[in-house]
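Pasted below: target.txt, compact mmCIF, C-alpha atoms and all ligand atoms.
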# COMPACT_ATOMS: atom_id res chain seq x y z
CA MET A 21 -47.67 234.50 173.19
CA THR A 22 -45.85 237.61 174.38
CA LEU A 23 -43.60 239.47 171.96
CA SER A 24 -40.42 238.61 173.89
CA LEU A 25 -41.26 234.88 173.96
CA TRP A 26 -42.09 235.00 170.24
CA LEU A 27 -38.79 236.80 169.51
CA ILE A 28 -36.77 234.28 171.57
CA THR A 29 -38.52 231.32 169.90
CA MET A 30 -37.83 232.62 166.40
CA CYS A 31 -34.21 233.58 167.17
CA GLY A 32 -33.65 230.09 168.63
CA LEU A 33 -35.21 228.46 165.56
CA GLY A 34 -33.07 230.73 163.39
CA LEU A 35 -29.89 229.58 165.15
CA LEU A 36 -30.79 225.91 164.60
CA ALA A 37 -31.76 226.62 160.99
CA GLY A 38 -28.44 228.48 160.51
CA SER A 39 -26.65 225.30 161.53
CA VAL A 40 -28.63 223.32 158.92
CA VAL A 41 -27.93 226.05 156.34
CA ASN A 42 -24.18 225.68 157.04
CA CYS A 43 -24.44 221.94 156.44
CA VAL A 44 -26.40 222.45 153.18
CA THR A 45 -24.09 225.18 151.85
CA TRP A 46 -21.05 223.00 152.42
CA ARG A 47 -22.44 219.65 151.25
CA LEU A 48 -24.93 220.44 148.48
CA PRO A 49 -22.42 221.91 145.96
CA VAL A 50 -20.12 218.89 146.52
CA MET A 51 -23.06 216.50 145.99
CA LEU A 52 -24.07 218.30 142.77
CA GLN A 53 -20.48 218.28 141.49
CA GLN A 54 -20.11 214.55 142.22
CA GLN A 55 -23.43 213.83 140.50
CA ALA A 56 -22.41 215.82 137.40
CA GLN A 57 -19.06 213.97 137.27
CA ARG A 58 -20.79 210.58 137.59
CA GLU A 59 -23.25 211.43 134.82
CA TRP A 60 -20.45 212.62 132.55
CA LEU A 61 -18.42 209.45 133.18
CA GLN A 62 -21.46 207.26 132.56
CA LEU A 63 -22.23 209.09 129.31
CA SER A 64 -18.60 208.68 128.23
CA GLY A 65 -18.82 204.97 129.02
CA LEU A 66 -16.00 205.27 131.56
CA LEU A 67 -18.14 204.31 134.54
CA PRO A 68 -20.47 201.32 134.69
CA PRO A 69 -24.03 202.55 135.44
CA GLU A 70 -24.23 200.47 138.61
CA GLU A 71 -20.89 201.06 140.21
CA LYS A 72 -21.00 200.19 143.88
CA GLY A 73 -18.74 200.52 146.87
CA GLN A 74 -18.21 204.27 146.52
CA ALA A 75 -18.09 206.25 149.75
CA ARG A 76 -21.49 207.80 150.28
CA PHE A 77 -21.65 211.56 150.47
CA ASN A 78 -24.93 213.28 151.22
CA LEU A 79 -26.40 215.82 153.62
CA PHE A 80 -25.95 213.41 156.56
CA LEU A 81 -22.97 211.21 155.66
CA PRO A 82 -20.07 211.12 156.29
CA ARG A 83 -20.18 212.73 159.73
CA SER A 84 -18.83 216.26 160.01
CA CYS A 85 -15.15 216.36 160.91
CA CYS A 86 -12.23 218.76 161.15
CA PRO A 87 -10.83 219.33 157.61
CA CYS A 88 -7.29 219.27 159.04
CA CYS A 89 -7.02 216.36 161.53
CA ARG A 90 -10.24 214.53 160.38
CA SER A 91 -11.38 214.06 163.98
CA PRO A 92 -15.18 213.72 164.00
CA LEU A 93 -17.24 216.44 165.65
CA ALA A 94 -19.32 215.45 168.68
CA PHE A 95 -22.81 216.90 168.97
CA TYR A 96 -21.61 219.42 171.58
CA HIS A 97 -19.14 220.75 169.00
CA THR A 98 -22.01 221.63 166.70
CA ILE A 99 -24.20 223.73 169.01
CA PRO A 100 -24.94 226.83 166.91
CA LEU A 101 -22.76 229.84 167.72
CA LEU A 102 -22.01 228.63 171.28
CA SER A 103 -19.59 225.85 170.25
CA TRP A 104 -17.59 228.20 168.04
CA LEU A 105 -17.36 230.75 170.85
CA LEU A 106 -16.39 228.15 173.49
CA LEU A 107 -13.78 226.60 171.18
CA LYS A 108 -12.55 230.15 170.38
CA GLY A 109 -12.91 229.39 166.66
CA ARG A 110 -10.44 226.47 166.69
CA CYS A 111 -10.62 222.67 166.35
CA HIS A 112 -10.84 220.94 169.77
CA ARG A 113 -7.96 218.60 168.88
CA CYS A 114 -5.51 220.18 166.43
CA GLN A 115 -6.37 223.87 167.01
CA HIS A 116 -6.95 224.34 163.26
CA ARG A 117 -8.87 227.59 162.72
CA ILE A 118 -12.61 227.11 162.05
CA SER A 119 -13.99 229.58 159.49
CA TRP A 120 -15.93 232.55 160.91
CA ARG A 121 -18.42 231.92 158.09
CA TYR A 122 -20.20 229.24 160.17
CA PRO A 123 -21.07 231.39 163.22
CA LEU A 124 -21.82 234.33 160.88
CA VAL A 125 -24.44 232.31 158.94
CA GLU A 126 -26.00 231.16 162.24
CA LEU A 127 -26.06 234.70 163.60
CA VAL A 128 -27.57 236.12 160.39
CA ALA A 129 -30.24 233.37 160.36
CA ALA A 130 -31.10 234.13 164.02
CA LEU A 131 -31.25 237.92 163.49
CA CYS A 132 -33.34 237.63 160.31
CA SER A 133 -35.75 235.24 162.06
CA GLY A 134 -35.96 237.69 164.97
CA TRP A 135 -36.80 240.50 162.53
CA ILE A 136 -39.64 238.38 161.11
CA ALA A 137 -40.93 237.81 164.67
CA TYR A 138 -40.78 241.58 165.26
CA CYS A 139 -42.73 242.35 162.05
CA TRP A 140 -45.19 239.45 161.96
CA PRO A 141 -47.52 237.89 164.57
CA PRO A 142 -47.12 234.19 165.43
CA GLY A 143 -48.69 232.02 162.74
CA GLU A 144 -48.15 230.03 159.60
CA THR A 145 -47.27 233.08 157.46
CA ALA A 146 -44.42 233.99 159.83
CA PHE A 147 -43.09 230.40 159.74
CA ALA A 148 -43.34 230.30 155.94
CA LEU A 149 -41.41 233.59 155.79
CA ALA A 150 -38.77 232.17 158.14
CA LEU A 151 -38.41 229.09 155.92
CA SER A 152 -38.02 231.29 152.83
CA THR A 153 -35.42 233.36 154.72
CA TRP A 154 -33.32 230.29 155.54
CA LEU A 155 -33.51 229.12 151.91
CA LEU A 156 -32.42 232.59 150.76
CA ILE A 157 -29.46 232.59 153.18
CA ALA A 158 -28.37 229.17 151.85
CA LEU A 159 -28.70 230.39 148.25
CA THR A 160 -26.74 233.57 149.04
CA ALA A 161 -23.90 231.64 150.70
CA ILE A 162 -23.68 229.09 147.85
CA ASP A 163 -23.80 231.78 145.15
CA ILE A 164 -21.04 233.82 146.82
CA GLN A 165 -18.81 230.77 147.15
CA HIS A 166 -19.63 228.75 144.02
CA MET A 167 -21.43 231.17 141.64
CA GLN A 168 -24.32 228.72 141.60
CA LEU A 169 -28.01 228.79 142.62
CA PRO A 170 -29.10 225.12 142.82
CA ASP A 171 -32.57 224.18 141.55
CA LEU A 172 -32.88 222.05 144.68
CA LEU A 173 -33.25 225.30 146.63
CA THR A 174 -34.76 227.80 144.14
CA LEU A 175 -37.63 225.55 143.05
CA PRO A 176 -38.86 224.68 146.59
CA LEU A 177 -38.69 228.42 147.32
CA LEU A 178 -40.99 229.03 144.34
CA TRP A 179 -43.48 226.30 145.31
CA LEU A 180 -43.50 227.50 148.91
CA GLY A 181 -44.24 231.05 147.75
CA LEU A 182 -47.20 229.92 145.66
CA LEU A 183 -48.50 227.73 148.51
CA THR A 184 -48.19 230.58 151.01
CA ASN A 185 -50.19 232.84 148.70
CA LEU A 186 -52.78 230.16 147.94
CA LYS A 187 -55.17 232.01 150.25
CA GLY A 188 -53.57 235.40 149.67
CA ALA A 189 -51.38 235.48 152.81
CA LEU A 190 -49.03 238.09 151.29
CA VAL A 191 -50.48 238.85 147.84
CA PRO A 192 -53.47 237.41 145.92
CA LEU A 193 -52.67 234.10 144.17
CA ASN A 194 -53.09 235.55 140.66
CA GLU A 195 -50.50 238.24 141.44
CA ALA A 196 -48.14 235.56 142.81
CA VAL A 197 -48.46 233.38 139.67
CA ILE A 198 -47.96 236.37 137.36
CA GLY A 199 -45.06 237.42 139.63
CA ALA A 200 -43.34 234.06 139.11
CA VAL A 201 -43.76 234.21 135.32
CA ALA A 202 -42.83 237.90 135.09
CA GLY A 203 -39.80 237.39 137.35
CA TYR A 204 -38.43 234.66 135.10
CA LEU A 205 -39.30 236.41 131.83
CA SER A 206 -37.87 239.81 132.78
CA LEU A 207 -34.42 238.38 133.52
CA TRP A 208 -34.69 235.99 130.54
CA LEU A 209 -35.12 239.02 128.26
CA LEU A 210 -32.22 240.79 130.00
CA PHE A 211 -30.07 237.64 129.70
CA TRP A 212 -30.63 237.34 125.94
CA GLY A 213 -30.48 241.09 125.30
CA PHE A 214 -27.08 241.24 127.02
CA LYS A 215 -25.86 238.08 125.27
CA LEU A 216 -26.88 239.30 121.80
CA ALA A 217 -25.34 242.73 122.44
CA THR A 218 -22.04 241.62 123.99
CA GLY A 219 -21.69 237.88 123.25
CA LYS A 220 -21.31 237.27 126.99
CA GLU A 221 -23.62 235.82 129.63
CA GLY A 222 -24.24 238.50 132.24
CA LEU A 223 -26.55 236.35 134.37
CA GLY A 224 -26.93 232.68 135.22
CA TYR A 225 -30.14 230.70 134.75
CA GLY A 226 -30.23 230.35 138.55
CA ASP A 227 -30.84 234.12 138.79
CA LEU A 228 -33.90 233.76 136.53
CA LYS A 229 -35.33 231.00 138.75
CA LEU A 230 -34.56 232.95 141.92
CA LEU A 231 -36.42 236.03 140.65
CA ALA A 232 -39.32 233.76 139.60
CA ALA A 233 -39.41 232.41 143.17
CA LEU A 234 -39.30 235.91 144.66
CA GLY A 235 -42.07 236.97 142.26
CA ALA A 236 -44.20 234.10 143.61
CA TRP A 237 -43.69 235.51 147.12
CA CYS A 238 -43.93 239.27 146.46
CA GLY A 239 -46.32 239.38 143.47
CA TRP A 240 -45.58 241.06 140.15
CA GLN A 241 -46.23 244.60 141.39
CA ARG A 242 -43.15 244.61 143.62
CA LEU A 243 -40.80 243.20 140.99
CA PRO A 244 -39.66 246.58 139.56
CA THR A 245 -38.76 247.83 143.07
CA LEU A 246 -37.05 244.52 143.84
CA LEU A 247 -34.93 244.72 140.68
CA LEU A 248 -34.11 248.37 141.32
CA TYR A 249 -32.86 247.65 144.86
CA ALA A 250 -30.92 244.60 143.61
CA ALA A 251 -29.28 246.57 140.78
CA PHE A 252 -28.38 249.35 143.22
CA MET A 253 -26.82 246.81 145.60
CA GLY A 254 -24.93 245.18 142.71
CA ILE A 255 -23.48 248.54 141.58
CA LEU A 256 -22.55 249.40 145.19
CA ALA A 257 -20.86 246.02 145.65
CA VAL A 258 -18.88 246.42 142.40
CA LEU A 259 -17.73 249.91 143.45
CA LEU A 260 -16.70 248.70 146.93
CA LEU A 261 -14.85 245.69 145.52
CA ARG A 262 -13.06 247.92 142.97
CA LEU A 263 -12.06 250.25 145.79
CA ALA A 264 -10.72 247.20 147.64
CA GLY A 265 -8.64 246.37 144.55
CA ARG A 266 -10.56 243.29 143.34
CA SER A 267 -10.67 242.76 139.58
CA MET A 268 -14.20 242.13 138.31
CA GLN A 269 -12.91 240.24 135.27
CA ASP A 270 -11.24 237.56 137.39
CA ASN A 271 -14.01 237.48 140.00
CA PRO A 272 -17.41 238.26 138.45
CA LEU A 273 -19.99 239.36 140.99
CA PRO A 274 -22.82 236.90 141.70
CA PHE A 275 -26.20 238.66 141.33
CA GLY A 276 -28.12 236.09 143.44
CA PRO A 277 -27.22 237.66 146.82
CA CYS A 278 -28.44 241.10 145.60
CA LEU A 279 -31.76 239.59 144.44
CA ALA A 280 -32.10 237.57 147.65
CA LEU A 281 -31.44 240.50 149.99
CA SER A 282 -33.64 242.93 148.07
CA GLY A 283 -36.48 240.37 147.80
CA TRP A 284 -36.19 239.38 151.45
CA TRP A 285 -36.37 242.98 152.64
CA LEU A 286 -39.48 243.70 150.53
CA LEU A 287 -41.03 240.44 151.65
CA VAL A 288 -40.67 240.51 155.41
CA THR A 289 -41.01 244.22 156.07
CA PRO A 290 -44.73 244.92 155.67
CA SER A 291 -44.51 248.71 155.34
CA VAL A 292 -42.07 248.58 152.39
CA THR A 293 -43.81 248.75 149.01
ZN ZN B 301 -8.61 219.33 163.84
Starting from the file, lay out its structure as structure tokens.
Ligand SMILES: [Zn+2]
Amino acid sequence: MTLSLWLITMCGLGLLAGSVVNCVTWRLPVMLQQQAQREWLQLSGLLPPEEKGQARFNLFLPRSCCPCCRSPLAFYHTIPLLSWLLLKGRCHRCQHRISWRYPLVELVAALCSGWIAYCWPPGETAFALALSTWLLIALTAIDIQHMQLPDLLTLPLLWLGLLTNLKGALVPLNEAVIGAVAGYLSLWLLFWGFKLATGKEGLGYGDLKLLAALGAWCGWQRLPTLLLYAAFMGILAVLLLRLAGRSMQDNPLPFGPCLALSGWWLLVTPSVT
């Protein structure tokens, strides 16, 4: 396969994956919230355990529609990037503005997949890296919007990392396993150190699981660099947001995107150590 064909294939796959990522980032937090509410109501005895007739909401149902006029989207309204451009960012019926977040996620997924194709030859390692990239984009988008890193995404990322390194594709398996444990433990210590010192929770448990997953991909030796880059990005983001006049007390900064970006860069760019 020539480099240009490989690049086009991966960018195309990235665009499609970006569309799936958009669907997951919109629907998964709602599904988790509904599930938590149902469990709470059942525990309180306010909801019979086998209540039926509720409208189903999952990754596929109900069909995507305009949030304003509720008109369902046809398949040609969901072509990644192209539909948004052709519709000029507005609903086909009521002209309600469609968020730029959707084409942005698709574009980022395509560009990141293209970067993997540029750095890695065609093969299962490149596809595994692309899959991890799409999971990281979904986690980043959900963490920015909901301050949440769902287990349904972090844990598959961890298993996929260990499976990829089963035959040492990126790092030897023992380094990957120690990386997963060390990733979790390092932030666990930081979490409790910060909590004992200040009485506040500076990190979420999702961050611990995300660093464990990244440790399974990168191996334990890259974890200090990964944390250093992530901390640097976090400080930079805080400074930029302060300059823009955002209060950090009202809007705490999610650390997941910093971990995801730093881990991704170390992971897919072979020359970075
Ligand atoms: Zn509409």
Let me have all residues with an atom within 8 Å of ligand ZN 301 (chain B), counting all atoms listed in the file, laid out as a PDB file with C-alpha atoms, in the coordinates of the input.
ATOM      1  CA  CYS A  85     -15.150 216.360 160.910  1.00  0.00           C
ATOM      2  CA  CYS A  86     -12.230 218.760 161.150  1.00  0.00           C
ATOM      3  CA  PRO A  87     -10.830 219.330 157.610  1.00  0.00           C
ATOM      4  CA  CYS A  88      -7.290 219.270 159.040  1.00  0.00           C
ATOM      5  CA  CYS A  89      -7.020 216.360 161.530  1.00  0.00           C
ATOM      6  CA  ARG A  90     -10.240 214.530 160.380  1.00  0.00           C
ATOM      7  CA  SER A  91     -11.380 214.060 163.980  1.00  0.00           C
ATOM      8  CA  ARG A 110     -10.440 226.470 166.690  1.00  0.00           C
ATOM      9  CA  CYS A 111     -10.620 222.670 166.350  1.00  0.00           C
ATOM     10  CA  HIS A 112     -10.840 220.940 169.770  1.00  0.00           C
ATOM     11  CA  ARG A 113      -7.960 218.600 168.880  1.00  0.00           C
ATOM     12  CA  CYS A 114      -5.510 220.180 166.430  1.00  0.00           C
ATOM     13  CA  GLN A 115      -6.370 223.870 167.010  1.00  0.00           C
ATOM     14  CA  HIS A 116      -6.950 224.340 163.260  1.00  0.00           C
TER      15      HIS A 116
END
Please tabulate, as a Markdown table, the residues of range 202-234 of chain A that come within 12 Å of range 150-153 of chain A, each with its closest pair of atoms and the distance in Å to one decimal, counting all atoms listed in the file and ordering rows by chain, then residue number upward.
| residue | atom | partner | partner_atom | distance |
| --- | --- | --- | --- | --- |
| A:Leu230 | CA | A:Ser152 | CA | 11.6 |
| A:Ala233 | CA | A:Ser152 | CA | 9.8 |
| A:Leu234 | CA | A:Ser152 | CA | 9.5 |
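CA of Ala161 in chain A to CA of Val50 in chain A spans 13.9 Å [interatomic distance, one decimal].
Using only C-alpha atoms, the set of residues no farther than 9 Å from the position (-44.4, 239.9, 171.6) comprises A:Met21, A:Thr22, A:Leu23, A:Ser24, A:Leu25, A:Trp26, A:Leu27, A:Ala137, A:Tyr138, A:Pro141, A:Pro142.
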*Would you mind reading off the distance between CA of Cys132 in chain A and CA of Glu195 in chain A, one decimal, in Å?*
25.5 Å
_Among listed residues A:Thr98, A:Gln55, A:Ser206, A:Ser282, nearest Gly38 in chain A (using all atoms listed in the file)_ = A:Thr98
_Show me, as a ChimeraX atom specification, the residues that have an atom within 7 Å of range 200-203 of chain A when counting only C-alpha atoms, minus same-chain residues fewer than 4 positions from it._
/A:196,207,228,231-233,235-236,240,243
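CA of Ala250 in chain A is positioned 14.2 Å from CA of Leu210 in chain A.
Distances here use all atoms listed in the file; by that measure, the residue among A:Pro123, A:Cys43, A:Trp104, A:Leu287 closest to Arg83 in chain A is A:Cys43.
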Identify, on the basis of all atoms listed in the file, every residue whose closest approach to Val258 in chain A does not exceed 12 Å; exclude the query and any residue fewer than 3 positions from it along the same chain; express the result as a tab-separated table (two decimals) with C-alpha atoms, in the coordinates of the input.
chain	number	residue	atom	x	y	z
A	251	ALA	CA	-29.28	246.57	140.78
A	252	PHE	CA	-28.38	249.35	143.22
A	253	MET	CA	-26.82	246.81	145.60
A	254	GLY	CA	-24.93	245.18	142.71
A	255	ILE	CA	-23.48	248.54	141.58
A	261	LEU	CA	-14.85	245.69	145.52
A	262	ARG	CA	-13.06	247.92	142.97
A	263	LEU	CA	-12.06	250.25	145.79
A	264	ALA	CA	-10.72	247.20	147.64
A	265	GLY	CA	-8.64	246.37	144.55
A	266	ARG	CA	-10.56	243.29	143.34
A	267	SER	CA	-10.67	242.76	139.58
A	268	MET	CA	-14.20	242.13	138.31
A	269	GLN	CA	-12.91	240.24	135.27
A	271	ASN	CA	-14.01	237.48	140.00
A	272	PRO	CA	-17.41	238.26	138.45
A	273	LEU	CA	-19.99	239.36	140.99
A	274	PRO	CA	-22.82	236.90	141.70
A	275	PHE	CA	-26.20	238.66	141.33
A	278	CYS	CA	-28.44	241.10	145.60
*Near Ser103 in chain A, counting all atoms listed in the file, which residues have an atom at most 12 Å away, once you skip same-chain residues fewer than 6 positions from it, shown as a count of residues only?*
14
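In this comparison, which uses all atoms listed in the file, the residue of A:Gln62, A:Thr29, A:Thr145, A:Asn78 approaching Leu48 in chain A most closely is A:Asn78.
If you measure from each of A:Ala56, A:Ala129, A:Leu180, A:Leu175 to Ala148 in chain A using all atoms listed in the file, the closest one turns out to be A:Leu180.
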